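Structure file protein-v8.tsv with TSV, C-alpha atoms:
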chain	number	residue	atom	x	y	z
A	44	MET	CA	131.82	86.64	37.99
A	45	GLY	CA	135.46	86.24	38.80
A	46	ARG	CA	138.23	88.76	38.59
A	47	GLN	CA	141.88	88.60	37.68
A	48	ASN	CA	143.87	87.74	40.77
A	49	ARG	CA	146.70	90.16	41.59
A	50	GLY	CA	148.40	87.98	44.16
A	51	THR	CA	152.06	87.03	43.86
A	52	ASN	CA	151.22	83.32	43.47
A	53	ALA	CA	148.88	83.85	40.53
A	54	GLY	CA	149.97	83.34	36.95
A	55	PRO	CA	148.76	85.59	34.15
A	56	GLN	CA	145.89	83.20	33.35
A	57	ASP	CA	144.96	82.32	36.94
A	58	LYS	CA	141.83	83.86	38.39
A	59	GLN	CA	139.84	84.29	41.59
A	60	HIS	CA	136.14	83.39	41.74
A	61	PHE	CA	133.70	84.57	44.39
A	62	SER	CA	132.59	80.98	45.09
A	63	HIS	CA	136.02	79.72	46.18
A	64	SER	CA	138.69	81.09	48.50
A	65	HIS	CA	141.69	79.84	46.49
A	66	ILE	CA	143.11	80.89	43.15
A	67	LEU	CA	141.73	78.87	40.23
A	68	LYS	CA	144.37	77.93	37.72
A	69	LEU	CA	143.87	77.41	34.01
A	70	ILE	CA	143.90	73.68	33.21
A	71	VAL	CA	145.58	72.80	29.93
A	72	ASN	CA	144.12	69.82	28.01
A	73	PRO	CA	141.30	69.27	30.54
A	74	THR	CA	140.02	66.14	28.78
A	75	GLU	CA	143.14	64.15	29.77
A	76	THR	CA	141.55	63.50	33.17
A	77	VAL	CA	137.91	63.23	34.24
A	78	LEU	CA	136.90	66.47	35.93
A	79	THR	CA	133.43	67.63	36.98
A	80	CYS	CA	132.43	71.27	37.06
A	81	ASN	CA	131.21	72.31	40.50
A	82	ALA	CA	128.83	74.83	38.94
A	83	CYS	CA	126.91	72.89	36.28
A	84	GLU	CA	127.88	69.36	37.48
A	85	GLN	CA	128.84	68.41	33.93
A	86	SER	CA	132.12	66.74	33.01
A	87	ASN	CA	134.83	68.25	30.83
A	88	ASN	CA	133.92	66.51	27.59
A	89	THR	CA	135.48	69.15	25.33
A	90	ASN	CA	138.76	71.04	25.18
A	91	LYS	CA	137.11	74.30	26.24
A	92	PRO	CA	138.96	76.18	29.00
A	93	PHE	CA	138.62	74.85	32.52
A	94	TYR	CA	139.74	76.45	35.79
A	95	GLY	CA	140.46	74.56	38.97
A	96	CYS	CA	141.91	74.28	42.44
A	97	ASN	CA	143.63	70.89	42.65
A	98	THR	CA	143.97	71.15	46.42
A	99	CYS	CA	140.20	71.25	46.89
A	100	GLN	CA	139.27	69.44	43.68
A	101	TYR	CA	137.15	72.44	42.75
A	102	PHE	CA	136.67	73.05	39.03
A	103	LEU	CA	134.69	75.42	36.80
A	104	HIS	CA	134.11	75.58	33.06
A	105	GLU	CA	135.06	78.96	31.63
A	106	ASN	CA	131.42	79.81	30.83
A	107	CYS	CA	130.37	78.82	34.35
A	108	PHE	CA	133.22	80.89	35.77
A	109	ASN	CA	131.99	83.91	33.78
A	110	ALA	CA	128.29	83.52	34.62
A	111	PRO	CA	126.89	86.87	35.87
A	112	ARG	CA	126.19	87.45	39.56
A	113	PHE	CA	122.73	88.76	38.64
A	114	LEU	CA	120.48	87.67	35.77
A	115	ASN	CA	117.34	89.23	34.34
A	116	HIS	CA	115.60	86.21	32.82
A	117	ALA	CA	112.39	86.18	30.78
A	118	SER	CA	111.10	83.16	32.73
A	119	HIS	CA	110.94	85.22	35.94
A	120	PRO	CA	110.37	88.87	35.04
A	121	SER	CA	109.20	89.93	38.50
A	122	HIS	CA	112.66	89.75	40.14
A	123	PRO	CA	116.30	89.48	39.10
A	124	LEU	CA	117.92	86.12	39.77
A	125	THR	CA	121.04	85.84	41.93
A	126	LEU	CA	123.84	83.38	41.19
A	127	LEU	CA	124.40	81.13	44.21
A	128	PRO	CA	127.24	78.59	44.64
A	129	SER	CA	124.74	76.37	46.49
A	130	ALA	CA	121.03	76.50	47.20
A	131	THR	CA	119.85	78.27	50.36
A	132	TYR	CA	117.66	75.37	51.46
A	133	SER	CA	118.68	73.19	54.40
A	134	SER	CA	119.41	70.32	52.00
A	135	CYS	CA	121.78	72.56	49.97
A	136	SER	CA	120.08	71.17	46.86
A	137	PHE	CA	117.26	72.50	44.69
A	138	THR	CA	114.71	71.37	42.12
A	139	CYS	CA	115.10	73.22	38.86
A	140	LYS	CA	111.91	75.01	37.77
A	141	ALA	CA	112.96	74.58	34.16
A	142	CYS	CA	113.66	70.85	33.87
A	143	ASP	CA	112.30	69.50	37.19
A	144	SER	CA	115.56	67.72	38.02
A	145	ALA	CA	117.59	68.10	41.20
A	146	GLY	CA	120.67	70.28	41.38
A	147	ASN	CA	123.57	70.42	43.83
A	148	GLY	CA	125.76	72.94	42.05
A	149	PHE	CA	125.32	76.60	41.19
A	150	CYS	CA	121.83	77.97	40.59
A	151	PHE	CA	120.20	81.19	39.55
A	152	SER	CA	117.77	81.85	42.38
A	153	CYS	CA	115.00	84.15	43.55
A	154	ALA	CA	114.70	83.50	47.27
A	155	CYS	CA	111.51	85.56	47.49
A	156	CYS	CA	109.69	83.20	45.12
A	157	GLU	CA	111.67	80.00	45.79
A	158	PHE	CA	112.54	79.97	42.10
A	159	ASP	CA	115.75	78.14	41.15
A	160	ILE	CA	117.17	77.07	37.79
A	161	HIS	CA	120.36	75.35	36.62
A	162	LEU	CA	122.97	77.46	34.84
A	163	GLN	CA	122.61	75.32	31.72
A	164	CYS	CA	118.84	75.78	31.75
A	165	ALA	CA	119.20	79.53	32.24
A	166	SER	CA	121.34	79.67	29.10
A	167	CYS	CA	119.04	77.53	26.91
A	168	PRO	CA	118.69	79.09	23.44
A	169	SER	CA	115.30	80.59	22.60
A	170	LEU	CA	115.20	78.70	19.29
A	171	ILE	CA	116.62	75.29	18.43
A	172	LEU	CA	116.64	72.70	15.66
A	173	VAL	CA	116.37	68.96	16.43
A	174	ASP	CA	116.78	65.91	14.22
A	175	LYS	CA	113.23	64.72	14.94
A	176	HIS	CA	111.49	67.78	13.49
A	177	PRO	CA	112.03	69.93	10.37
A	178	HIS	CA	111.13	73.28	11.95
A	179	GLN	CA	112.69	75.42	14.63
A	180	LEU	CA	111.38	74.81	18.15
A	181	GLU	CA	110.72	77.77	20.42
A	182	LEU	CA	111.51	77.78	24.14
A	183	ASN	CA	108.35	78.01	26.26
A	184	PHE	CA	108.34	78.56	30.03
A	185	GLY	CA	105.27	76.40	30.65
A	186	SER	CA	102.28	74.87	28.91
A	187	PRO	CA	101.82	76.24	25.37
A	188	TYR	CA	98.05	75.62	25.50
A	189	GLU	CA	95.30	77.97	26.60
A	190	ASP	CA	93.88	75.22	28.80
A	191	LYS	CA	96.71	74.92	31.30
A	192	ASP	CA	95.24	71.67	32.64
A	193	SER	CA	95.68	69.86	29.32
A	194	GLU	CA	98.12	66.97	29.39
A	195	TYR	CA	100.64	66.63	26.58
A	196	VAL	CA	103.53	64.34	25.76
A	197	CYS	CA	107.05	64.83	24.54
A	198	ASP	CA	107.10	63.96	20.85
A	199	ILE	CA	110.65	62.64	21.14
A	200	CYS	CA	110.44	60.30	24.16
A	201	ASN	CA	106.61	59.96	24.26
A	202	GLU	CA	106.46	60.59	28.01
A	203	ILE	CA	103.84	62.84	29.63
A	204	MET	CA	105.38	66.25	30.34
A	205	ASN	CA	105.17	68.31	33.52
A	206	LYS	CA	102.92	71.28	32.70
A	207	GLU	CA	104.98	73.57	34.96
A	208	ASN	CA	108.31	72.91	33.25
A	209	TRP	CA	109.95	74.50	30.24
A	210	LEU	CA	109.74	72.88	26.84
A	211	TYR	CA	110.64	73.38	23.20
A	212	TYR	CA	107.58	73.71	20.99
A	213	CYS	CA	106.55	74.13	17.37
A	214	GLY	CA	103.09	75.72	17.37
A	215	GLY	CA	102.42	75.06	13.70
A	216	CYS	CA	102.89	71.30	14.08
A	217	ASP	CA	101.98	70.96	17.77
A	218	PHE	CA	105.36	69.32	18.37
A	219	ALA	CA	106.73	69.43	21.91
A	220	SER	CA	109.99	68.30	23.47
A	221	HIS	CA	111.59	68.13	26.90
A	222	LEU	CA	114.67	70.32	27.29
A	223	HIS	CA	116.85	67.24	27.82
A	224	CYS	CA	115.38	65.52	24.75
A	225	ALA	CA	116.05	68.53	22.54
A	226	ILE	CA	119.51	69.19	24.02
A	227	THR	CA	121.13	65.83	24.69
A	228	SER	CA	124.46	67.29	25.85
A	229	PRO	CA	123.55	70.40	27.85
A	230	GLU	CA	126.25	72.91	28.61
A	231	VAL	CA	126.33	76.42	29.96
A	232	GLY	CA	126.36	79.01	27.21
A	233	VAL	CA	127.66	82.56	27.17
A	234	PHE	CA	125.37	84.94	29.02
A	235	ALA	CA	124.67	88.44	27.78
A	236	LYS	CA	126.23	91.17	29.86
A	237	GLN	CA	123.92	92.01	32.74
A	238	PRO	CA	123.49	95.50	34.22
A	239	ARG	CA	124.17	95.76	37.94
A	240	PRO	CA	123.93	98.69	40.36
A	241	ILE	CA	127.35	100.12	41.14
A	242	PRO	CA	127.46	103.27	43.29
A	243	SER	CA	129.87	105.99	42.26
A	244	PRO	CA	133.37	105.15	43.51
A	245	ASN	CA	134.00	108.87	44.11
A	246	PRO	CA	131.15	110.56	46.00
A	247	ASN	CA	133.35	113.52	47.03
A	248	SER	CA	132.44	116.39	44.68
A	249	ASN	CA	135.52	118.40	45.72
A	250	SER	CA	137.99	115.82	44.50
A	251	ASN	CA	139.70	115.86	41.12
A	252	PRO	CA	137.17	114.64	38.50
A	253	ASN	CA	139.89	113.19	36.30
A	254	PRO	CA	140.99	109.81	37.75
A	255	TYR	CA	143.90	109.54	35.33
A	256	THR	CA	145.80	112.44	36.90
A	257	ASN	CA	146.71	110.18	39.82
A	258	PRO	CA	147.87	106.67	38.81
A	259	ASN	CA	147.07	105.15	42.22
A	260	ARG	CA	143.60	106.62	42.27
A	261	ASN	CA	142.41	104.84	39.15
A	262	SER	CA	143.32	101.42	40.57
A	263	ASN	CA	141.72	102.37	43.89
A	264	ALA	CA	138.53	103.30	42.04
A	265	ARG	CA	138.44	99.86	40.46
A	266	VAL	CA	138.74	98.24	43.90
A	267	GLU	CA	135.94	100.44	45.24
A	268	MET	CA	133.73	99.47	42.30
A	269	ILE	CA	134.34	95.76	43.03
A	270	ASN	CA	133.58	96.27	46.73
A	271	SER	CA	130.44	98.27	45.90
A	272	ALA	CA	129.22	95.54	43.56
A	273	ASN	CA	129.80	92.90	46.24
A	274	GLU	CA	127.98	95.00	48.83
A	275	ALA	CA	125.02	95.51	46.47
A	276	HIS	CA	124.95	91.76	45.85
A	277	GLU	CA	124.98	90.99	49.57
A	278	GLN	CA	122.23	93.53	50.30
A	279	ILE	CA	119.97	91.94	47.66
A	280	MET	CA	120.77	88.47	49.01
A	281	ALA	CA	119.97	89.56	52.58
A	282	ALA	CA	116.65	91.10	51.48
A	283	GLN	CA	115.71	87.97	49.57
A	284	LEU	CA	116.63	85.73	52.50
A	285	ARG	CA	114.57	87.87	54.90
A	286	ALA	CA	111.59	87.47	52.57
A	287	GLN	CA	112.22	83.73	52.43
A	288	ILE	CA	112.36	83.54	56.23
A	289	ALA	CA	109.06	85.43	56.51
A	290	ALA	CA	107.46	83.03	54.03
A	291	ARG	CA	108.80	79.89	55.70
A	292	GLY	CA	109.23	80.96	59.29
A	293	ARG	CA	112.73	79.48	59.39
A	294	GLU	CA	115.28	81.60	61.24
A	295	ALA	CA	118.04	79.18	60.22
A	296	CYS	CA	118.31	80.83	56.82
A	297	LEU	CA	120.04	83.81	58.43
A	298	ASP	CA	123.15	81.71	58.85
A	299	LEU	CA	123.45	81.55	55.07
A	300	VAL	CA	124.29	85.23	54.68
A	301	ALA	CA	128.00	85.10	53.83
A	302	PRO	CA	130.44	87.48	55.49
A	303	ARG	CA	131.33	90.46	53.38
A	304	ARG	CA	134.41	90.10	51.21
A	305	ARG	CA	136.53	93.20	50.65
A	306	TYR	CA	139.67	93.65	48.63
A	307	SER	CA	142.73	95.65	49.59
A	308	TYR	CA	144.16	98.48	47.57
A	309	TYR	CA	147.16	97.69	45.42
If you took the structure in this file and wrote it as structure tokens, what would it be?
Amino acid sequence: MGRQNRGTNAGPQDKQHFSHSHILKLIVNPTETVLTCNACEQSNNTNKPFYGCNTCQYFLHENCFNAPRFLNHASHPSHPLTLLPSATYSSCSFTCKACDSAGNGFCFSCACCEFDIHLQCASCPSLILVDKHPHQLELNFGSPYEDKDSEYVCDICNEIMNKENWLYYCGGCDFASHLHCAITSPEVGVFAKQPRPIPSPNPNSNSNPNPYTNPNRNSNARVEMINSANEAHEQIMAAQLRAQIAARGREACLDLVAPRRRYSYY
């Protein structure tokens, strides 16, 4: 996620995001011009908040800006997913395991398993109503049938569905739908708050346990917490990339480990 920027050039509503080196400014009336979000690759078709760097033509929807750095998702319970500004493959693109379409923007990724999904797919609701069916459809992360080799079609577009991809399904009526058929205008939703490991900012047991007795110390603790979170993120990324290298035998992936970002005390 991003954090409020404390620099002298930042306005009260301007923010810094880990994916971009410049301050992102709040864009008022974003629908007056055609802008594309660098995270979800969707245009600004509503008046929802949008942040951007005009110099670099880099823009993020508010929900994309606030997407968590780590995500525990039911589709991949074996490992947490890491938010990446671009895929770690040599092509810098990925194929979404949810919808089977290509992506060039942000992705939630497990490098160990080569598992990547779009932000908008990661935030798909578990239940949905569509015009073509009277009952709620439930999100499934693969074939809903016991025989996983059975072919089935989307009951909205009548095309054969990929058995490995996600779908919306009504078990009582045996009604199935592609994600993109059920959600014609996909957008990134609001993610639930995700737990993340943050080491104690004050390991010294002899120091004053009350951070509010020193006004500078409380702000320093916040900076240390941010740095600790970034370091934890980078350690997980490095471990995942090492596993990916072992699986693929490609040393080039090491170049994708970003240099550590640290913040200065106020």
Would you kindly identify which residues have an atom no farther than 8 Å from (107.4, 75.5, 15.2), using only C-alpha atoms and the file's own coordinates, and write them out as a compact mmCIF listing (two decimals) with C-alpha atoms, in the frame of the given file?
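New file part_30.txt:
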# COMPACT_ATOMS: atom_id res chain seq x y z
CA HIS A 178 111.13 73.28 11.95
CA GLN A 179 112.69 75.42 14.63
CA LEU A 180 111.38 74.81 18.15
CA GLU A 181 110.72 77.77 20.42
CA TYR A 212 107.58 73.71 20.99
CA CYS A 213 106.55 74.13 17.37
CA GLY A 214 103.09 75.72 17.37
CA GLY A 215 102.42 75.06 13.70
CA CYS A 216 102.89 71.30 14.08
CA ASP A 217 101.98 70.96 17.77
CA PHE A 218 105.36 69.32 18.37
Using all atoms listed in the file, can you list as a list in words the residues within 12 Å of (131.0, 65.8, 35.1)?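 Those residues, ordered by chain and then number, are Pro73, Thr74, Thr76, Val77, Leu78, Thr79, Cys80, Asn81, Ala82, Cys83, Glu84, Gln85, Ser86, Asn87, Asn88, Thr89, Tyr101, Phe102, Leu103, His104, Gly148, Ser228, Pro229 and Glu230 of chain A.
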At a cut-off of 9 Å, using all atoms listed in the file, what residues contact stretch 182-197 of chain A? Leave out same-chain residues fewer than 4 positions from it and give the result as a PyMOL selection string. chain A and resi 117-118+141+167-171+201-212+214+218-222+224
Between atom CA of A:Leu69 and atom CA of A:Pro92, what is the spacing in Å? 7.1 Å
Quick check, in Å to one decimal: how far apart do atom CA of A:Cys99 and atom CA of A:Asp57 lie?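 We find that atom CA of A:Cys99 and atom CA of A:Asp57 lie 15.6 Å from each other.
The space between atom CA of A:His122 and atom CA of A:Cys153 spans 7.0 Å.
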Residue rebuild result stretch 52-71 of chain A, N, CA, C and O atoms as a PDB file, keeping the file's coordinate frame:
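selection.pdb written:
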ATOM      1  N   ASN A  52     151.202  84.722  43.862  1.00  0.00           N
ATOM      2  CA  ASN A  52     151.220  83.320  43.470  1.00  0.00           C
ATOM      3  C   ASN A  52     150.396  83.032  42.224  1.00  0.00           C
ATOM      4  O   ASN A  52     150.293  81.905  41.789  1.00  0.00           O
ATOM      5  N   ALA A  53     149.774  84.046  41.669  1.00  0.00           N
ATOM      6  CA  ALA A  53     148.880  83.850  40.530  1.00  0.00           C
ATOM      7  C   ALA A  53     149.633  84.081  39.226  1.00  0.00           C
ATOM      8  O   ALA A  53     150.377  85.046  39.078  1.00  0.00           O
ATOM      9  N   GLY A  54     149.434  83.161  38.283  1.00  0.00           N
ATOM     10  CA  GLY A  54     149.970  83.340  36.950  1.00  0.00           C
ATOM     11  C   GLY A  54     149.091  84.278  36.153  1.00  0.00           C
ATOM     12  O   GLY A  54     148.006  84.658  36.586  1.00  0.00           O
ATOM     13  N   PRO A  55     149.522  84.634  34.954  1.00  0.00           N
ATOM     14  CA  PRO A  55     148.760  85.590  34.150  1.00  0.00           C
ATOM     15  C   PRO A  55     147.384  85.080  33.754  1.00  0.00           C
ATOM     16  O   PRO A  55     146.499  85.885  33.462  1.00  0.00           O
ATOM     17  N   GLN A  56     147.182  83.765  33.731  1.00  0.00           N
ATOM     18  CA  GLN A  56     145.890  83.200  33.350  1.00  0.00           C
ATOM     19  C   GLN A  56     145.124  82.602  34.525  1.00  0.00           C
ATOM     20  O   GLN A  56     144.093  81.974  34.334  1.00  0.00           O
ATOM     21  N   ASP A  57     145.630  82.805  35.740  1.00  0.00           N
ATOM     22  CA  ASP A  57     144.960  82.320  36.940  1.00  0.00           C
ATOM     23  C   ASP A  57     143.981  83.376  37.433  1.00  0.00           C
ATOM     24  O   ASP A  57     144.240  84.573  37.320  1.00  0.00           O
ATOM     25  N   LYS A  58     142.876  82.928  38.011  1.00  0.00           N
ATOM     26  CA  LYS A  58     141.830  83.860  38.390  1.00  0.00           C
ATOM     27  C   LYS A  58     141.225  83.488  39.741  1.00  0.00           C
ATOM     28  O   LYS A  58     141.344  82.365  40.204  1.00  0.00           O
ATOM     29  N   GLN A  59     140.572  84.485  40.341  1.00  0.00           N
ATOM     30  CA  GLN A  59     139.840  84.290  41.590  1.00  0.00           C
ATOM     31  C   GLN A  59     138.353  84.317  41.288  1.00  0.00           C
ATOM     32  O   GLN A  59     137.899  85.126  40.487  1.00  0.00           O
ATOM     33  N   HIS A  60     137.588  83.410  41.909  1.00  0.00           N
ATOM     34  CA  HIS A  60     136.140  83.390  41.740  1.00  0.00           C
ATOM     35  C   HIS A  60     135.474  83.563  43.092  1.00  0.00           C
ATOM     36  O   HIS A  60     135.982  83.069  44.106  1.00  0.00           O
ATOM     37  N   PHE A  61     134.344  84.266  43.120  1.00  0.00           N
ATOM     38  CA  PHE A  61     133.700  84.570  44.390  1.00  0.00           C
ATOM     39  C   PHE A  61     133.265  83.327  45.156  1.00  0.00           C
ATOM     40  O   PHE A  61     133.075  83.355  46.370  1.00  0.00           O
ATOM     41  N   SER A  62     133.094  82.197  44.453  1.00  0.00           N
ATOM     42  CA  SER A  62     132.590  80.980  45.090  1.00  0.00           C
ATOM     43  C   SER A  62     133.663  80.171  45.798  1.00  0.00           C
ATOM     44  O   SER A  62     133.342  79.208  46.503  1.00  0.00           O
ATOM     45  N   HIS A  63     134.947  80.541  45.625  1.00  0.00           N
ATOM     46  CA  HIS A  63     136.020  79.720  46.180  1.00  0.00           C
ATOM     47  C   HIS A  63     137.131  80.632  46.715  1.00  0.00           C
ATOM     48  O   HIS A  63     137.459  81.653  46.115  1.00  0.00           O
ATOM     49  N   SER A  64     137.707  80.236  47.824  1.00  0.00           N
ATOM     50  CA  SER A  64     138.690  81.090  48.500  1.00  0.00           C
ATOM     51  C   SER A  64     140.076  81.025  47.879  1.00  0.00           C
ATOM     52  O   SER A  64     140.905  81.894  48.139  1.00  0.00           O
ATOM     53  N   HIS A  65     140.363  79.996  47.076  1.00  0.00           N
ATOM     54  CA  HIS A  65     141.690  79.840  46.490  1.00  0.00           C
ATOM     55  C   HIS A  65     141.728  80.296  45.031  1.00  0.00           C
ATOM     56  O   HIS A  65     140.694  80.369  44.371  1.00  0.00           O
ATOM     57  N   ILE A  66     142.921  80.554  44.552  1.00  0.00           N
ATOM     58  CA  ILE A  66     143.110  80.890  43.150  1.00  0.00           C
ATOM     59  C   ILE A  66     142.757  79.685  42.281  1.00  0.00           C
ATOM     60  O   ILE A  66     143.105  78.555  42.603  1.00  0.00           O
ATOM     61  N   LEU A  67     142.048  79.927  41.200  1.00  0.00           N
ATOM     62  CA  LEU A  67     141.730  78.870  40.230  1.00  0.00           C
ATOM     63  C   LEU A  67     142.681  78.999  39.055  1.00  0.00           C
ATOM     64  O   LEU A  67     142.784  80.051  38.438  1.00  0.00           O
ATOM     65  N   LYS A  68     143.362  77.914  38.769  1.00  0.00           N
ATOM     66  CA  LYS A  68     144.370  77.930  37.720  1.00  0.00           C
ATOM     67  C   LYS A  68     143.809  77.361  36.422  1.00  0.00           C
ATOM     68  O   LYS A  68     142.984  76.446  36.432  1.00  0.00           O
ATOM     69  N   LEU A  69     144.270  77.914  35.316  1.00  0.00           N
ATOM     70  CA  LEU A  69     143.870  77.410  34.010  1.00  0.00           C
ATOM     71  C   LEU A  69     144.401  75.995  33.815  1.00  0.00           C
ATOM     72  O   LEU A  69     145.577  75.713  34.046  1.00  0.00           O
ATOM     73  N   ILE A  70     143.522  75.074  33.422  1.00  0.00           N
ATOM     74  CA  ILE A  70     143.900  73.680  33.210  1.00  0.00           C
ATOM     75  C   ILE A  70     144.084  73.449  31.713  1.00  0.00           C
ATOM     76  O   ILE A  70     143.150  73.623  30.924  1.00  0.00           O
ATOM     77  N   VAL A  71     145.278  73.072  31.327  1.00  0.00           N
ATOM     78  CA  VAL A  71     145.580  72.800  29.930  1.00  0.00           C
ATOM     79  C   VAL A  71     145.195  71.362  29.603  1.00  0.00           C
ATOM     80  O   VAL A  71     145.420  70.448  30.401  1.00  0.00           O
TER      81      VAL A  71
END
